[in-house]
>>> print(open('query.cif').read())   # mmCIF, N, CA and C atoms
data_target
loop_
_atom_site.label_atom_id
_atom_site.label_comp_id
_atom_site.auth_asym_id
_atom_site.auth_seq_id
_atom_site.Cartn_x
_atom_site.Cartn_y
_atom_site.Cartn_z
N MET A 12 87.04 64.68 70.67
CA MET A 12 85.92 65.56 70.56
C MET A 12 84.66 64.71 70.58
N ARG A 13 83.63 65.21 71.24
CA ARG A 13 82.37 64.47 71.35
C ARG A 13 81.23 65.38 70.97
N PHE A 14 80.31 64.85 70.16
CA PHE A 14 79.11 65.57 69.78
C PHE A 14 77.92 64.80 70.30
N ASP A 15 77.09 65.45 71.10
CA ASP A 15 75.86 64.82 71.56
C ASP A 15 74.77 65.11 70.54
N LEU A 16 74.28 64.05 69.93
CA LEU A 16 73.25 64.19 68.92
C LEU A 16 71.91 63.81 69.52
N PRO A 17 70.86 64.55 69.20
CA PRO A 17 69.55 64.21 69.75
C PRO A 17 69.05 62.89 69.16
N ALA A 18 68.38 62.11 69.98
CA ALA A 18 67.80 60.85 69.51
C ALA A 18 66.60 61.17 68.62
N ALA A 19 66.42 60.36 67.62
CA ALA A 19 65.26 60.54 66.75
C ALA A 19 64.00 60.35 67.59
N ALA A 20 63.01 61.18 67.34
CA ALA A 20 61.80 61.20 68.17
C ALA A 20 61.08 59.86 68.24
N ARG A 21 61.05 59.12 67.16
CA ARG A 21 60.28 57.89 67.14
C ARG A 21 61.16 56.64 67.16
N SER A 22 62.44 56.80 67.38
CA SER A 22 63.31 55.63 67.33
C SER A 22 63.33 54.89 68.66
N LEU A 23 63.66 53.62 68.57
CA LEU A 23 63.84 52.76 69.73
C LEU A 23 65.29 52.31 69.71
N THR A 24 65.82 51.96 70.85
CA THR A 24 67.19 51.44 70.89
C THR A 24 67.17 49.97 71.30
N VAL A 25 68.09 49.23 70.71
CA VAL A 25 68.27 47.82 71.03
C VAL A 25 69.77 47.57 71.15
N PRO A 26 70.16 46.54 71.89
CA PRO A 26 71.59 46.18 71.93
C PRO A 26 72.04 45.78 70.52
N ALA A 27 73.25 46.16 70.16
CA ALA A 27 73.79 45.78 68.85
C ALA A 27 73.80 44.26 68.69
N SER A 28 73.96 43.55 69.78
CA SER A 28 74.01 42.09 69.75
C SER A 28 72.67 41.46 69.38
N ALA A 29 71.58 42.24 69.38
CA ALA A 29 70.26 41.72 69.05
C ALA A 29 70.03 41.66 67.54
N LEU A 30 70.87 42.34 66.76
CA LEU A 30 70.67 42.39 65.31
C LEU A 30 71.10 41.10 64.63
N ILE A 31 70.32 40.72 63.63
CA ILE A 31 70.63 39.58 62.77
C ILE A 31 70.76 40.14 61.36
N PHE A 32 71.89 39.91 60.72
CA PHE A 32 72.08 40.33 59.34
C PHE A 32 72.11 39.10 58.46
N ASP A 33 71.22 39.07 57.45
CA ASP A 33 71.21 37.97 56.51
C ASP A 33 70.77 38.49 55.15
N SER A 34 70.43 37.60 54.25
CA SER A 34 70.07 37.99 52.88
C SER A 34 68.81 38.86 52.84
N ARG A 35 68.04 38.87 53.92
CA ARG A 35 66.82 39.69 53.98
C ARG A 35 67.07 41.04 54.62
N GLY A 36 68.31 41.32 55.01
CA GLY A 36 68.65 42.60 55.61
C GLY A 36 68.79 42.49 57.12
N ALA A 37 68.62 43.62 57.79
CA ALA A 37 68.73 43.67 59.25
C ALA A 37 67.40 43.25 59.86
N ARG A 38 67.49 42.31 60.79
CA ARG A 38 66.28 41.84 61.47
C ARG A 38 66.56 41.68 62.96
N VAL A 39 65.47 41.61 63.72
CA VAL A 39 65.54 41.40 65.17
C VAL A 39 64.59 40.26 65.50
N ALA A 40 65.05 39.34 66.33
CA ALA A 40 64.19 38.24 66.80
C ALA A 40 63.41 38.73 68.01
N THR A 41 62.09 38.58 67.93
CA THR A 41 61.22 38.98 69.04
C THR A 41 60.47 37.75 69.54
N VAL A 42 59.94 37.87 70.74
CA VAL A 42 59.18 36.78 71.35
C VAL A 42 57.73 37.22 71.48
N GLY A 43 56.84 36.43 70.91
CA GLY A 43 55.42 36.72 70.98
C GLY A 43 54.80 36.22 72.27
N PRO A 44 53.51 36.50 72.46
CA PRO A 44 52.82 36.07 73.68
C PRO A 44 52.76 34.56 73.84
N ASP A 45 52.93 33.84 72.72
CA ASP A 45 52.93 32.37 72.77
C ASP A 45 54.34 31.80 72.97
N ASN A 46 55.31 32.69 73.29
CA ASN A 46 56.71 32.31 73.48
C ASN A 46 57.33 31.70 72.24
N ARG A 47 56.90 32.18 71.08
CA ARG A 47 57.48 31.76 69.81
C ARG A 47 58.17 32.95 69.15
N VAL A 48 59.21 32.64 68.39
CA VAL A 48 60.03 33.66 67.75
C VAL A 48 59.34 34.22 66.51
N ALA A 49 59.44 35.54 66.38
CA ALA A 49 59.07 36.23 65.14
C ALA A 49 60.29 37.05 64.75
N LEU A 50 60.64 37.03 63.48
CA LEU A 50 61.77 37.81 62.98
C LEU A 50 61.22 39.05 62.29
N LYS A 51 61.61 40.21 62.80
CA LYS A 51 61.10 41.47 62.27
C LYS A 51 62.20 42.23 61.54
N THR A 52 61.90 42.64 60.32
CA THR A 52 62.83 43.46 59.55
C THR A 52 62.81 44.86 60.14
N VAL A 53 64.00 45.41 60.36
CA VAL A 53 64.11 46.74 60.98
C VAL A 53 64.92 47.67 60.10
N THR A 54 64.71 48.96 60.32
CA THR A 54 65.50 49.99 59.67
C THR A 54 66.38 50.64 60.72
N ILE A 55 67.67 50.63 60.48
CA ILE A 55 68.62 51.22 61.42
C ILE A 55 68.71 52.72 61.17
N ALA A 56 68.46 53.49 62.22
CA ALA A 56 68.58 54.95 62.12
C ALA A 56 70.04 55.35 62.37
N ARG A 57 70.60 54.85 63.46
CA ARG A 57 72.00 55.17 63.81
C ARG A 57 72.63 54.02 64.55
N ASP A 58 73.91 53.82 64.27
CA ASP A 58 74.71 52.84 64.98
C ASP A 58 75.53 53.59 66.00
N LEU A 59 75.23 53.37 67.28
CA LEU A 59 75.91 54.07 68.36
C LEU A 59 76.92 53.18 69.07
N GLY A 60 77.36 52.15 68.38
CA GLY A 60 78.33 51.23 68.98
C GLY A 60 77.65 50.02 69.57
N ASP A 61 77.53 49.99 70.89
CA ASP A 61 76.89 48.84 71.53
C ASP A 61 75.37 48.95 71.55
N VAL A 62 74.84 50.07 71.09
CA VAL A 62 73.40 50.30 71.02
C VAL A 62 73.07 50.79 69.61
N ILE A 63 71.95 50.32 69.09
CA ILE A 63 71.51 50.70 67.74
C ILE A 63 70.15 51.38 67.85
N GLU A 64 69.99 52.51 67.18
CA GLU A 64 68.69 53.17 67.11
C GLU A 64 67.93 52.58 65.92
N ILE A 65 66.72 52.13 66.18
CA ILE A 65 65.86 51.54 65.16
C ILE A 65 64.76 52.54 64.84
N SER A 66 64.60 52.90 63.56
CA SER A 66 63.58 53.89 63.19
C SER A 66 62.27 53.25 62.76
N SER A 67 62.29 51.98 62.36
CA SER A 67 61.04 51.31 62.02
C SER A 67 61.22 49.80 62.12
N GLY A 68 60.10 49.12 62.31
CA GLY A 68 60.10 47.66 62.38
C GLY A 68 59.82 47.09 63.75
N LEU A 69 59.98 47.91 64.80
CA LEU A 69 59.70 47.47 66.17
C LEU A 69 58.75 48.45 66.84
N VAL A 70 58.08 47.96 67.87
CA VAL A 70 57.28 48.83 68.75
C VAL A 70 57.84 48.69 70.16
N ALA A 71 57.56 49.65 70.99
CA ALA A 71 58.15 49.71 72.34
C ALA A 71 57.81 48.49 73.19
N THR A 72 56.74 47.80 72.88
CA THR A 72 56.34 46.65 73.70
C THR A 72 56.93 45.33 73.21
N ASP A 73 57.66 45.34 72.09
CA ASP A 73 58.29 44.11 71.60
C ASP A 73 59.32 43.60 72.60
N ARG A 74 59.32 42.29 72.78
CA ARG A 74 60.34 41.65 73.60
C ARG A 74 61.38 41.10 72.64
N ILE A 75 62.58 41.64 72.71
CA ILE A 75 63.61 41.22 71.77
C ILE A 75 64.56 40.23 72.43
N ILE A 76 65.17 39.42 71.61
CA ILE A 76 66.14 38.45 72.10
C ILE A 76 67.52 39.05 71.92
N ASP A 77 68.20 39.27 73.03
CA ASP A 77 69.56 39.79 73.00
C ASP A 77 70.48 38.61 72.70
N SER A 78 71.32 38.73 71.71
CA SER A 78 72.26 37.68 71.29
C SER A 78 71.54 36.40 70.85
N PRO A 79 70.70 36.50 69.82
CA PRO A 79 70.02 35.29 69.36
C PRO A 79 71.02 34.29 68.78
N PRO A 80 70.80 33.02 69.00
CA PRO A 80 71.74 32.01 68.49
C PRO A 80 71.64 31.88 66.96
N ASP A 81 72.73 31.43 66.34
CA ASP A 81 72.70 31.14 64.90
C ASP A 81 71.61 30.11 64.65
N GLY A 82 70.91 30.27 63.57
CA GLY A 82 69.90 29.29 63.20
C GLY A 82 68.54 29.51 63.83
N ILE A 83 68.38 30.56 64.65
CA ILE A 83 67.06 30.83 65.23
C ILE A 83 66.10 31.14 64.09
N GLY A 84 64.89 30.67 64.19
CA GLY A 84 63.94 30.85 63.10
C GLY A 84 62.55 31.19 63.56
N LYS A 85 61.77 31.69 62.63
CA LYS A 85 60.38 32.04 62.89
C LYS A 85 59.64 30.82 63.43
N GLY A 86 58.92 31.02 64.53
CA GLY A 86 58.12 29.95 65.11
C GLY A 86 58.85 29.09 66.13
N ASP A 87 60.16 29.29 66.26
CA ASP A 87 60.90 28.52 67.28
C ASP A 87 60.34 28.82 68.66
N GLN A 88 60.20 27.79 69.47
CA GLN A 88 59.73 27.95 70.84
C GLN A 88 60.90 28.43 71.70
N VAL A 89 60.65 29.44 72.55
CA VAL A 89 61.69 29.91 73.46
C VAL A 89 61.14 29.89 74.88
N ARG A 90 62.06 29.95 75.83
CA ARG A 90 61.69 29.94 77.23
C ARG A 90 62.31 31.16 77.88
N ILE A 91 61.51 31.89 78.65
CA ILE A 91 62.01 33.04 79.39
C ILE A 91 62.78 32.50 80.59
N ALA A 92 63.99 33.00 80.79
CA ALA A 92 64.82 32.54 81.90
C ALA A 92 64.18 32.88 83.23
N PRO A 93 64.23 31.96 84.21
CA PRO A 93 63.69 32.25 85.53
C PRO A 93 64.39 33.47 86.14
N GLY A 94 63.63 34.27 86.85
CA GLY A 94 64.18 35.44 87.52
C GLY A 94 64.18 36.69 86.68
N SER A 95 63.82 36.56 85.40
CA SER A 95 63.77 37.76 84.57
C SER A 95 62.41 38.42 84.76
N ALA A 96 62.44 39.71 85.02
CA ALA A 96 61.21 40.46 85.30
C ALA A 96 60.39 40.58 84.03
N SER A 97 59.33 39.81 83.93
CA SER A 97 58.40 39.82 82.80
C SER A 97 59.14 39.87 81.46
N GLY A 98 60.17 39.06 81.33
CA GLY A 98 60.89 38.99 80.08
C GLY A 98 61.97 40.04 79.92
N ALA A 99 62.33 40.73 81.00
CA ALA A 99 63.35 41.78 80.90
C ALA A 99 64.67 41.21 80.42
N MET A 100 64.93 39.92 80.70
CA MET A 100 66.14 39.29 80.21
C MET A 100 66.19 39.38 78.69
N LEU A 101 65.03 39.43 78.08
CA LEU A 101 64.97 39.53 76.63
C LEU A 101 65.01 40.98 76.18
N ALA A 102 65.26 41.88 77.10
CA ALA A 102 65.46 43.30 76.80
C ALA A 102 64.31 43.87 75.99
N ALA A 103 63.20 44.10 76.63
CA ALA A 103 62.07 44.70 75.94
C ALA A 103 62.55 45.98 75.26
N ALA A 104 62.21 46.12 74.01
CA ALA A 104 62.61 47.32 73.27
C ALA A 104 62.09 48.53 74.00
N SER A 105 62.93 49.50 74.20
CA SER A 105 62.52 50.66 74.97
C SER A 105 63.16 51.92 74.44
N ARG A 106 62.61 53.02 74.84
CA ARG A 106 63.19 54.30 74.45
C ARG A 106 64.53 54.43 75.13
N ARG A 107 65.42 55.17 74.51
CA ARG A 107 66.79 55.31 75.00
C ARG A 107 66.81 55.92 76.39
N ALA A 108 67.58 55.30 77.28
CA ALA A 108 67.72 55.78 78.66
C ALA A 108 68.60 57.02 78.67
N PRO A 109 68.39 57.93 79.62
CA PRO A 109 69.25 59.10 79.73
C PRO A 109 70.69 58.69 80.00
N ALA A 110 71.61 59.52 79.56
CA ALA A 110 73.04 59.21 79.75
C ALA A 110 73.34 58.98 81.22
N GLY A 111 74.06 57.92 81.50
CA GLY A 111 74.45 57.61 82.87
C GLY A 111 73.37 56.90 83.65
N GLY A 112 72.17 56.79 83.07
CA GLY A 112 71.07 56.15 83.80
C GLY A 112 70.86 54.76 83.28
N GLY A 113 70.39 53.92 84.12
CA GLY A 113 70.08 52.55 83.71
C GLY A 113 68.68 52.21 84.15
N GLY A 114 68.15 51.20 83.53
CA GLY A 114 66.81 50.78 83.90
C GLY A 114 66.81 50.07 85.22
N ASP A 115 65.73 50.15 85.95
CA ASP A 115 65.60 49.43 87.22
C ASP A 115 65.02 48.07 86.89
N GLU A 116 65.85 47.04 86.93
CA GLU A 116 65.40 45.71 86.59
C GLU A 116 64.96 44.91 87.80
N SER A 117 64.79 45.57 88.94
CA SER A 117 64.38 44.86 90.14
C SER A 117 62.87 44.76 90.27
N LYS A 118 62.15 45.29 89.31
CA LYS A 118 60.69 45.27 89.36
C LYS A 118 60.15 43.91 89.08
#
>>> encode(input="query.cif", output="C-alpha coordinates")
Amino acid sequence: MRFDLPAAARSLTVPASALIFDSRGARVATVGPDNRVALKTVTIARDLGDVIEISSGLVATDRIIDSPPDGIGKGDQVRIAPGSASGAMLAAASRRAPAGGGGDESK
(Lines of atoms letter the chains of each structure in order from A and count residues from 1; the text may use other names and numbers.)
(Lines give C-alpha, C1' and ligand atoms only; values in the text may rest on other atoms or scores of the structure.)
Protein backbone atom coordinates (compact mmCIF):
# COMPACT_ATOMS: atom_id res chain seq x y z
CA MET A 1 0.00 0.00 0.00
CA ARG A 2 1.28 3.48 -0.83
CA PHE A 3 0.20 6.83 0.53
CA ASP A 4 1.20 9.98 -1.31
CA LEU A 5 1.74 12.67 1.27
CA PRO A 6 1.92 16.33 0.31
CA ALA A 7 5.32 17.97 0.73
CA ALA A 8 5.53 20.61 3.41
CA ALA A 9 5.10 24.02 1.82
CA ARG A 10 8.39 25.46 3.03
CA SER A 11 10.54 22.34 3.12
CA LEU A 12 13.56 21.62 0.96
CA THR A 13 14.83 18.19 0.02
CA VAL A 14 18.39 16.96 0.20
CA PRO A 15 19.97 13.56 -0.46
CA ALA A 16 20.06 11.47 2.73
CA SER A 17 23.80 11.08 2.11
CA ALA A 18 24.26 14.84 2.70
CA LEU A 19 23.30 14.60 6.39
CA ILE A 20 25.92 14.64 9.12
CA PHE A 21 24.86 13.35 12.55
CA ASP A 22 27.05 14.26 15.50
CA SER A 23 26.81 15.54 19.08
CA ARG A 24 25.32 18.80 17.74
CA GLY A 25 22.46 17.01 15.96
CA ALA A 26 21.66 16.83 12.26
CA ARG A 27 23.74 19.12 10.09
CA VAL A 28 24.48 19.69 6.42
CA ALA A 29 27.80 20.86 4.97
CA THR A 30 27.34 23.77 2.58
CA VAL A 31 29.78 25.63 0.36
CA GLY A 32 29.95 29.40 0.60
CA PRO A 33 30.90 31.87 -2.15
CA ASP A 34 34.52 31.66 -0.96
CA ASN A 35 34.48 27.85 -1.53
CA ARG A 36 34.74 27.21 2.21
CA VAL A 37 32.59 24.82 4.21
CA ALA A 38 29.88 25.97 6.58
CA LEU A 39 28.04 23.42 8.72
CA LYS A 40 24.37 24.25 9.13
CA THR A 41 22.12 22.70 11.76
CA VAL A 42 18.91 21.48 10.14
CA THR A 43 15.52 20.27 11.26
CA ILE A 44 14.30 17.12 9.54
CA ALA A 45 10.64 17.26 8.56
CA ARG A 46 10.40 13.80 6.99
CA ASP A 47 12.71 10.96 6.10
CA LEU A 48 11.68 9.67 2.67
CA GLY A 49 14.46 7.12 2.36
CA ASP A 50 17.08 8.38 -0.06
CA VAL A 51 15.73 11.93 0.21
CA ILE A 52 15.16 13.97 3.38
CA GLU A 53 12.77 16.90 3.72
CA ILE A 54 14.36 19.74 5.68
CA SER A 55 11.96 22.18 7.38
CA SER A 56 14.54 24.67 8.65
CA GLY A 57 18.24 25.46 8.53
CA LEU A 58 18.72 25.71 4.75
CA VAL A 59 17.65 28.07 1.99
CA ALA A 60 17.01 27.09 -1.62
CA THR A 61 20.22 28.73 -2.81
CA ASP A 62 22.52 26.78 -0.46
CA ARG A 63 25.05 24.56 -2.20
CA ILE A 64 25.21 21.36 -0.23
CA ILE A 65 27.90 18.72 -0.25
CA ASP A 66 26.50 15.31 -1.12
CA SER A 67 28.37 12.61 0.84
CA PRO A 68 30.70 14.84 2.86
CA PRO A 69 33.83 13.03 4.03
CA ASP A 70 34.41 12.19 7.70
CA GLY A 71 36.23 14.98 9.43
CA ILE A 72 34.96 17.79 7.19
CA GLY A 73 34.90 20.99 9.20
CA LYS A 74 33.84 24.60 9.18
CA GLY A 75 36.17 26.69 7.04
CA ASP A 76 37.64 23.78 5.10
CA GLN A 77 38.52 24.78 1.54
CA VAL A 78 36.68 22.80 -1.14
CA ARG A 79 36.92 22.65 -4.90
CA ILE A 80 33.98 22.36 -7.28
CA ALA A 81 34.55 19.43 -9.63
CA PRO A 82 35.15 20.40 -13.27
CA GLY A 83 32.10 19.95 -15.47
CA SER A 84 29.58 20.56 -12.72
CA ALA A 85 27.05 23.19 -13.74
CA SER A 86 27.61 26.06 -11.30
CA GLY A 87 28.14 23.66 -8.44
CA ALA A 88 25.33 21.27 -9.37
CA MET A 89 27.65 18.42 -8.40
CA LEU A 90 27.19 19.74 -4.89
CA ALA A 91 23.43 19.39 -5.32
CA ALA A 92 22.10 22.85 -4.69
CA ALA A 93 19.28 22.51 -2.21
CA SER A 94 16.08 22.65 -4.16
CA ARG A 95 12.39 22.14 -3.87
CA ARG A 96 11.28 18.56 -4.37
CA ALA A 97 11.04 17.50 -8.02
CA PRO A 98 7.75 16.05 -9.27
CA ALA A 99 7.49 12.27 -9.16
CA GLY A 100 9.27 10.68 -12.10
CA GLY A 101 10.92 13.96 -13.04
CA GLY A 102 14.54 14.83 -12.73
CA GLY A 103 16.44 18.02 -12.90
CA ASP A 104 18.08 19.05 -16.15
CA GLU A 105 21.75 19.14 -15.25
CA SER A 106 22.89 19.99 -18.77
CA LYS A 107 22.56 23.72 -18.16
>>> residues_around(input="query.cif", residues="region 49-54 of chain A", least_positions_apart="5", cutoff="10 Å", atoms="only C-alpha atoms", output="MDAnalysis selection string")
chainID A and resid 22 30:32 35:43 64:69 75 83:87
>>> atom_distance(input="query.cif", atom1="CA of Asp33 (chain A)", atom2="CA of Val70 (chain A)")
21.5 Å
>>> atom_distance(input="query.cif", atom1="atom C of Asp77 (chain A)", atom2="CA of Ser28 (chain A)")
5.8 Å
>>> atom_distance(input="query.cif", atom1="atom N of Ser34 (chain A)", atom2="atom N of Ile91 (chain A)")
26.6 Å
>>> closest_residue(input="query.cif", among="A:Asn46, A:Met12, A:Ile63, A:Asp58", to="Thr24 (chain A)", atoms="only N, CA and C atoms")
A:Ile63
>>> closest_residue(input="query.cif", among="A:Leu23, A:Ala92, A:Arg13, A:Asp61", to="Ile76 (chain A)", atoms="only C-alpha atoms")
A:Ala92
